[in-house]
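Below is entry-v9.cif, which holds mmCIF, C-alpha atoms.
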```cif
data_work
loop_
_atom_site.label_atom_id
_atom_site.label_comp_id
_atom_site.auth_asym_id
_atom_site.auth_seq_id
_atom_site.Cartn_x
_atom_site.Cartn_y
_atom_site.Cartn_z
CA MET A 20 2.09 6.16 -16.33
CA SER A 21 1.04 5.62 -12.73
CA LEU A 22 -2.55 6.85 -12.83
CA ASP A 23 -5.32 7.25 -15.39
CA VAL A 24 -6.09 10.89 -14.64
CA SER A 25 -9.36 12.24 -15.96
CA PRO A 26 -9.34 15.61 -17.74
CA ALA A 27 -11.46 17.05 -14.92
CA LEU A 28 -8.99 15.95 -12.24
CA LEU A 29 -6.05 17.22 -14.26
CA GLU A 30 -7.84 20.56 -14.67
CA GLN A 31 -8.36 20.70 -10.90
CA ALA A 32 -4.64 20.14 -10.36
CA GLU A 33 -3.76 22.84 -12.87
CA ARG A 34 -6.01 25.32 -11.03
CA GLY A 35 -4.55 24.57 -7.60
CA GLU A 36 -5.66 22.28 -4.81
CA VAL A 37 -7.14 18.89 -5.68
CA ASP A 38 -10.02 17.25 -3.84
CA GLU A 39 -8.43 14.31 -2.03
CA ALA A 40 -11.54 12.14 -2.42
CA ALA A 41 -11.31 12.60 -6.20
CA PHE A 42 -7.61 11.69 -6.08
CA VAL A 43 -8.34 8.57 -4.01
CA ASP A 44 -11.01 7.57 -6.52
CA CYS A 45 -8.46 8.01 -9.32
CA VAL A 46 -6.09 5.71 -7.43
CA ARG A 47 -8.89 3.16 -6.88
CA THR A 48 -9.75 2.99 -10.59
CA SER A 49 -6.16 3.23 -11.86
CA LEU A 50 -4.59 0.66 -9.53
CA PRO A 51 -7.35 -1.89 -8.88
CA TYR A 52 -5.06 -4.71 -7.72
CA ALA A 53 -3.27 -2.48 -5.21
CA TRP A 54 -6.59 -1.00 -4.06
CA GLU A 55 -8.12 -4.44 -3.52
CA MET A 56 -5.02 -5.70 -1.70
CA ILE A 57 -4.97 -2.75 0.70
CA SER A 58 -8.74 -2.60 1.25
CA SER A 59 -8.90 -6.35 1.96
CA LEU A 60 -6.05 -6.05 4.48
CA VAL A 61 -7.84 -3.14 6.17
CA ALA A 62 -10.99 -5.27 6.41
CA GLN A 63 -8.98 -8.20 7.77
CA LEU A 64 -7.41 -5.96 10.41
CA LYS A 65 -10.84 -4.69 11.48
CA VAL A 66 -12.29 -8.20 11.72
CA ASP A 67 -9.31 -10.01 13.24
CA GLY A 68 -7.86 -7.16 15.28
CA GLY A 69 -4.26 -7.54 16.31
CA GLU A 70 -1.21 -5.44 15.65
CA PHE A 71 -1.30 -5.65 11.85
CA ALA A 72 -2.56 -7.52 8.80
CA ASP A 73 -0.29 -8.41 5.90
CA ASN A 74 -0.14 -10.16 2.56
CA GLN A 75 2.62 -12.66 1.87
CA THR A 76 1.39 -13.94 -1.49
CA PRO A 77 3.24 -12.54 -4.51
CA PRO A 78 1.09 -10.77 -7.11
CA PRO A 79 -0.20 -12.94 -9.96
CA ASP A 80 1.73 -11.01 -12.63
CA GLU A 81 4.04 -8.09 -13.30
CA GLN A 82 1.15 -5.70 -13.94
CA ALA A 83 -0.21 -6.34 -10.44
CA ARG A 84 3.27 -6.06 -8.93
CA GLY A 85 3.72 -2.75 -10.73
CA GLN A 86 0.48 -1.45 -9.22
CA LEU A 87 1.72 -2.22 -5.71
CA LEU A 88 5.03 -0.54 -6.43
CA ARG A 89 3.36 2.58 -7.86
CA ALA A 90 0.89 2.82 -4.98
CA LEU A 91 3.42 2.40 -2.21
CA ALA A 92 6.44 4.14 -3.74
CA SER A 93 4.55 7.38 -4.32
CA ASP A 94 4.42 9.56 -1.21
CA ALA A 95 1.24 11.25 -2.48
CA ILE A 96 -0.60 8.00 -3.25
CA ARG A 97 0.59 6.23 -0.12
CA GLY A 98 -0.33 9.20 2.08
CA ALA A 99 -3.77 9.53 0.53
CA LEU A 100 -4.43 5.80 1.00
CA GLN A 101 -3.31 5.94 4.62
CA ARG A 102 -5.62 8.88 5.33
CA HIS A 103 -8.51 7.31 3.42
CA PHE A 104 -8.31 3.97 5.23
CA GLY A 105 -7.11 5.36 8.57
CA VAL A 106 -4.08 3.06 8.74
CA ARG A 107 -0.32 3.11 8.34
CA LEU A 108 1.07 1.16 5.39
CA ALA A 109 4.32 -0.77 5.31
CA PHE A 110 5.91 -2.57 2.37
CA GLN A 111 8.58 -5.26 1.82
CA ASN A 112 9.87 -7.22 -1.16
CA CYS A 113 7.66 -5.83 -3.92
CA HIS A 114 4.57 -7.58 -2.57
CA ARG A 115 4.39 -7.84 1.23
CA VAL A 116 1.97 -5.08 2.08
CA ALA A 117 1.02 -4.61 5.74
CA VAL A 118 -1.54 -2.33 7.36
CA PHE A 119 -1.12 -1.12 10.92
CA PRO A 120 -3.77 0.68 12.95
CA LEU A 121 -3.23 4.30 13.95
CA ASP A 122 -2.48 3.23 17.49
CA PRO A 123 0.75 4.07 19.32
CA ALA A 124 0.51 0.67 21.02
CA VAL A 125 1.68 -0.99 17.77
CA ASP A 126 4.56 1.41 17.07
CA ASP A 127 7.14 -1.16 18.22
CA ARG A 128 5.66 -3.82 15.92
CA LEU A 129 5.67 -1.39 12.98
CA ALA A 130 9.29 -0.49 13.75
CA ARG A 131 10.25 -4.19 13.75
CA PHE A 132 8.39 -4.79 10.46
CA THR A 133 10.09 -1.86 8.73
CA SER A 134 13.55 -2.45 10.24
CA ILE A 135 16.63 -3.58 8.37
CA ARG A 136 16.45 -6.83 10.32
CA GLY A 137 12.81 -7.31 9.30
CA GLN A 138 13.71 -6.77 5.66
CA LEU A 139 16.58 -9.25 5.81
CA LEU A 140 14.49 -11.91 7.54
CA ASN A 141 11.83 -11.58 4.81
CA GLN A 142 14.23 -12.64 2.03
CA SER A 143 14.05 -15.80 0.00
CA PRO A 144 15.50 -16.99 -3.34
CA GLU A 145 12.01 -16.95 -4.86
CA LEU A 146 11.73 -13.22 -4.25
CA ARG A 147 15.14 -12.23 -5.58
CA ASP A 148 13.78 -10.92 -8.90
CA CYS A 149 10.59 -9.38 -7.65
#
```

Go ahead and render the structure in this file as structure tokens.
Amino acid sequence: MSLDVSPALLEQAERGEVDEAAFVDCVRTSLPYAWEMISSLVAQLKVDGGEFADNQTPPPDEQARGQLLRALASDAIRGALQRHFGVRLAFQNCHRVAVFPLDPAVDDRLARFTSIRGQLLNQSPELRDC
């Protein structure tokens, strides 16, 4: 199961539209490793500036890796996180999360990061089974 959904949030979904802030809070509490990874990268981007901030350290265990995969593979979760933090998210190799500002000036850098070439250049034997 991807998220620990409270009965109240599930009831909201059954009735119709869900409050996005409540959904984001559900993501925060359900996927704490992914939340911390993304929020720390957002903070790093704000402090350091630049075109993007990324993580290149593999998760400490499979549970943490699974949280990243669930957060970034779900269009709904990924979209909500992007809107919440005001960034664009990119993902490579089951752990390399990057945050890009919502600035057209970095579109070329985002395109390079998410390109086939970028994916191939980010390969290593250590990451084969990630």

Work out how far CA of Ala83 in chain A is from CA of Tyr52 in chain A, in Å to one decimal.
5.8 Å

Specify as a compact mmCIF listing (two decimals) with C-alpha atoms, in the coordinates of the input each residue included when the PyMOL selection byres ((chain A and resi 22) around 12) is applied to this file.
```txt
# COMPACT_ATOMS: atom_id res chain seq x y z
CA MET A 20 2.09 6.16 -16.33
CA SER A 21 1.04 5.62 -12.73
CA ASP A 23 -5.32 7.25 -15.39
CA VAL A 24 -6.09 10.89 -14.64
CA SER A 25 -9.36 12.24 -15.96
CA LEU A 28 -8.99 15.95 -12.24
CA LEU A 29 -6.05 17.22 -14.26
CA PHE A 42 -7.61 11.69 -6.08
CA VAL A 43 -8.34 8.57 -4.01
CA ASP A 44 -11.01 7.57 -6.52
CA CYS A 45 -8.46 8.01 -9.32
CA VAL A 46 -6.09 5.71 -7.43
CA ARG A 47 -8.89 3.16 -6.88
CA THR A 48 -9.75 2.99 -10.59
CA SER A 49 -6.16 3.23 -11.86
CA LEU A 50 -4.59 0.66 -9.53
CA PRO A 51 -7.35 -1.89 -8.88
CA GLY A 85 3.72 -2.75 -10.73
CA GLN A 86 0.48 -1.45 -9.22
CA ARG A 89 3.36 2.58 -7.86
CA ALA A 90 0.89 2.82 -4.98
CA SER A 93 4.55 7.38 -4.32
CA ALA A 95 1.24 11.25 -2.48
CA ILE A 96 -0.60 8.00 -3.25
```

Run the PyMOL selection byres ((chain A and resi 119-129) around 7) mentally over the shown coordinates, then write out the matched residues as number ranges by chain, using the chain letters and numbers from the document.
A: 70-72, 105-108, 117-118, 130-133

Could you tell me which of A:Met56, A:Leu87, A:Ala40, A:Ala99 comes closest to Asn74 in chain A if we count all atoms listed in the file?
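Smallest separation from Asn74 in chain A among the options: A:Met56.
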
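For the atom pair formed by CA of Thr76 in chain A and CA of Ala109 in chain A, the distance is 15.1 Å, given to one decimal.
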
What lies within 8 Å of Ile57 in chain A using all atoms listed in the file, ignoring chain neighbours under 3 positions off, as a PyMOL selection string?
chain A and resi 53-54+60-61+116+118

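With CA of Arg34 in chain A on one side and CA of Gly98 in chain A on the other, the separation reads 21.5 Å.
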
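Candidate residues A:Lys65, A:Ala92, A:His114, A:Ser58 were compared for distance to Asp80 in chain A, and the nearest is A:His114, using all atoms listed in the file.
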